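Asks: Sharing a structure with you now.
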Amino acid sequence: MYFKFYRLMVTFVALLAFTVASALPFTKSVEAAKTPELIWAEELLLVSDETNQLLVSGGDAALKGNKKKITDAITKKLYAARDAGKLPFTIKEGAESYEYEGVLTDVDEEVPVALIPLAIMSDALHAKYQVQDKSYYKSIVVGSLYLAVCRGGSTANNWTMVGGIPLSGYVILGDDINNLITSQPSKVDEANAYVSMMEKVIDRDLNFDDLKKALQNLNSKKVPDTYEVMDVALSSKKAPEIFGNQQGKIKALLGTFYSAKFQEQAKGKVTVYPPVSMIGKNNGGNMANAGNRSAADDVSDTLFSLTGGKSTSGATMTLSMPDPAHKINLNFAGAGWQELKTKKESSVVKNIGYQALLKMQLDNQAEKSSTDVKSVQYIIPPSGSIAELEQERLPDIYTELLIRLADNIASGKK
């Protein structure tokens with residue numbers, strides 16, 4: 001009796017093992033079938049010409065291929081990840097643009113999903129300074145991209161962003177003490193520096209695993225754990241003196257650098273949208289409203305009209321974002337500088353210390369703040385006053401300080 005029972009149990013276990021083993025390929029195939037397929041059209045879209053001066057050719061042949069160079073860098077990284085089996089999605093190839101026909105859910109249940117690269121900022125801030133009788137120049141080249149995961153809507157060419165990866169970087173031309181620049185770098189020089197920098201950022205920092213959370217939210221009516229910089233204020237009374245007519249660029253720079261660092265620190269656990277000031281309506285729309293915001297008001301202000309004109313259909317493309325769950329406000333709230341006294345006063349040089357204060361508020365929580373300092377040594381001119389020299393240096397001094405502060409406060413550092 002015992003022997004019969006034992007044989008019966010062995011047979012049952014063997015059948016169970018066979019059943020499970022037989023089911024595994026089917027289970028895997030079901031999982032594979034659920035892997036989302038993303039359109040990749042190899043087309044870089046500019047959210048604004050105004051903030052992407054280094055990607056808008058304007059008839060300059062030397063700038064014409066820059067958008068393609070950035071797209072090629074992303075494509076190279078994308079296919080390398082695919083070939084290594086490290087993509088959390090599959091690629092739908094062959095698309096020449098991000099246009100699609102209207103989706104009627106009762107007829108066609110396949111809603112298009114796309115991976116759309118957005119150029120948020122490609123620009124430069126300029127500084128000039130004097131050393132004795134010579135003028136020297138600096139260009140602070142800044143770049144910000146957003147690789148957005150978007151789902152299509154029920155009408156043609158209407159995309160909604162569900163998440164993505166922000167990428168930012170900067171490089172300073174003329175910062176090498178052994179290779180100072182005696183003339184303002186040309187736009188072509190700045191554009192070449194931007195492309196080279198962003199190619200390195202893409203190769204070093206772009207991790208498609210960070211899109212897993214966005215891919216999980218493709219069918220969600222409300223995307224959870226979303227964050228966005230809603231406003232960047234320059235409340236410091238010295239901001240106009242420091243940045244002059246470049247204050248708009250500084251706001252864009254602060255918002256994009258903070259967003260990229262915050263997402264990096266979160267390691268893909270949350271979704272950080274691009275700053276609303278960079279993608280919201282510019283022509284009379286309320287960028288801070290509680291509903292969806294569109295990056296386009298009409299044909300002349302759409303992402304589609306900025307794609308380079310691959311299509312001749314005349315279609316209008318819009319890109320919308322749901323209202324974020326968490327709202328962030330940044331504020332360049334303080335600036336000051338004073339001479340740093342030494343034991344022995346010099347008649348040749350003068351050392352000045354500069355301080356900046358950046359504040360951040362998440363939702364209605366208490367503000368957090370971070371300060372940073374930088375010292376600069378000036379060679380005293382024959383006039384005996386460094387006032388003019390100092391005024392020329394303020395933009396690049398405080399740009400560097402604010403970039404560091406955005407990094408610090410997004411990382412939770414003091």
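Identifiers for the structure tokens are assigned positionally: chains receive A, B, ... in sequence, residues are indexed from 1 per chain, and ligands are indexed from 1 in the order shown.
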With only C-alpha atoms as the counted atoms, please give the residues lying no more than 8 Å from Pro324 (chain A), apart from itself and same-chain residues fewer than 6 positions off, as a PyMOL selection string.
Replies: chain A and resi 225-228+273
Asks: Which residues of region 314-380 of chain A come within 6 Å of region 232-243 of chain A, and what is each one's closest atom pair and distance in Å (one decimal), counting only C-alpha atoms, sorted by chain and residue number, as CSV?
Replies:
```
residue,atom,partner,partner_atom,distance
A:Leu330,CA,A:Val232,CA,4.7
A:Asn331,CA,A:Ala233,CA,4.5
A:Phe332,CA,A:Leu234,CA,4.7
A:Ala333,CA,A:Ser236,CA,4.6
A:Gly334,CA,A:Ser236,CA,4.7
```
Asks: Please compute the CA of Ile172 (chain A)-CA of Leu401 (chain A) distance, one decimal, in Å.
Replies: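 Computed distance, CA of Ile172 (chain A) to CA of Leu401 (chain A), equals 13.4 Å.
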Asks: Of the residues A:Leu180, A:Phe208, A:Leu215, A:Asn245, which is the one nearest to Val131 (chain A), using only C-alpha atoms?
Replies: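 Among A:Leu180, A:Phe208, A:Leu215, A:Asn245, it is A:Leu180 that comes nearest to Val131 (chain A).
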Asks: Can you work out which one of A:Pro322, A:Gly412, A:Pro274, A:Pro395 has the shortest atom-to-atom distance to Met360 (chain A), counting only C-alpha atoms?
Replies: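 That would be A:Gly412, the residue with the smallest distance to Met360 (chain A).
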Asks: Would you give me, as a PyMOL selection string, the residues in region 143-370 of chain A that DSSP reads as strand (DSSP E or B)?
Replies: chain A and resi 143-152+158-173+181+226-233+271-272+293-294+318-321+326-339+349-362+368-370
Asks: Go through region 168-253 of chain A and collect every residue that DSSP, computed from the backbone, puts in helix (DSSP H, G or I); the answer should be as a ChimeraX atom specification.
Replies: /A:187-205,208-216,239-253
Asks: In Å to one decimal, how far is CA of Ser144 (chain A) from CA of Ser97 (chain A)?
Replies: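 These atoms are spaced 21.6 Å apart.
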Asks: With distances taken over only C-alpha atoms, which residue among A:Leu340, A:Ser220, A:Asn351, A:Tyr129 lies nearest Glu388 (chain A)?
Replies: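 Answer, going by the shortest atom-to-atom distance: A:Tyr129.
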Asks: Between A:Thr182, A:Thr35, A:Val171, A:Gly248, which is the closest to Glu50 (chain A) once you count only C-alpha atoms?
Replies: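 Residue with the minimum atom-to-atom distance to Glu50 (chain A): A:Gly248.
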Asks: Could you check the closest approach to Glu43 (chain A) for each of A:Gly169, A:Gly94, A:Gly164, A:Gly336 and tell me which residue wins, using only C-alpha atoms?
Replies: A:Gly94
Asks: With distances taken over only C-alpha atoms, which of A:Val149, A:Ala193, A:Leu87, A:Ala260 is nearest to Asp407 (chain A)?
Replies: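 Distance minimum relative to Asp407 (chain A) lands on A:Ala260.
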Asks: For Glu339 (chain A), please output as an MDAnalysis selection string all residues within 12 Å (counting only C-alpha atoms; exclusion window: fewer than 4 positions along the same chain).
Replies: chainID A and resid 345 349:355 374:378 386:387 390
Asks: Which residues come within 9 Å of Val188 (chain A), counting only C-alpha atoms, excluding same-chain residues fewer than 5 positions away, as a compact mmCIF listing (two decimals) with all heavy atoms, in the first residue's frame?
Replies:
```txt
# COMPACT_ATOMS: atom_id res chain seq x y z
N LEU A 54 21.14 77.41 -30.58
CA LEU A 54 22.26 76.66 -31.15
C LEU A 54 21.80 75.49 -32.01
O LEU A 54 22.62 74.78 -32.59
CB LEU A 54 23.17 76.15 -30.02
CG LEU A 54 23.74 77.24 -29.11
CD1 LEU A 54 24.65 76.65 -28.05
CD2 LEU A 54 24.48 78.30 -29.93
N ASP A 60 22.17 79.24 -41.66
CA ASP A 60 23.60 79.00 -41.49
C ASP A 60 23.88 77.52 -41.73
O ASP A 60 23.48 76.66 -40.94
CB ASP A 60 24.04 79.41 -40.08
CG ASP A 60 25.56 79.43 -39.93
OD1 ASP A 60 26.24 78.70 -40.66
OD2 ASP A 60 26.05 80.19 -39.07
N ALA A 62 26.47 75.83 -41.36
CA ALA A 62 27.31 75.21 -40.33
C ALA A 62 26.49 74.69 -39.15
O ALA A 62 26.95 73.86 -38.38
CB ALA A 62 28.35 76.20 -39.84
N LEU A 63 25.26 75.19 -39.00
CA LEU A 63 24.39 74.76 -37.90
C LEU A 63 23.35 73.74 -38.34
O LEU A 63 22.66 73.16 -37.49
CB LEU A 63 23.68 75.97 -37.28
CG LEU A 63 24.56 77.09 -36.71
CD1 LEU A 63 23.69 78.26 -36.26
CD2 LEU A 63 25.39 76.58 -35.55
N ALA A 193 30.39 73.22 -29.46
CA ALA A 193 30.62 72.85 -28.06
C ALA A 193 29.37 72.20 -27.46
O ALA A 193 29.47 71.23 -26.70
CB ALA A 193 31.01 74.09 -27.26
```
Asks: Neighbours of Lys200 (chain A) within 12 Å (only C-alpha atoms; same-chain residues fewer than 2 positions away dropped), as a VMD selection string?
Replies: chain A and resid 69 to 70 73 to 74 77 143 167 to 171 193 to 198 202 to 206
Asks: What does the structure give for the distance between CA of Ser346 (chain A) and CA of Ser135 (chain A), in Å to one decimal?
Replies: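 Separation between CA of Ser346 (chain A) and CA of Ser135 (chain A): 22.7 Å.
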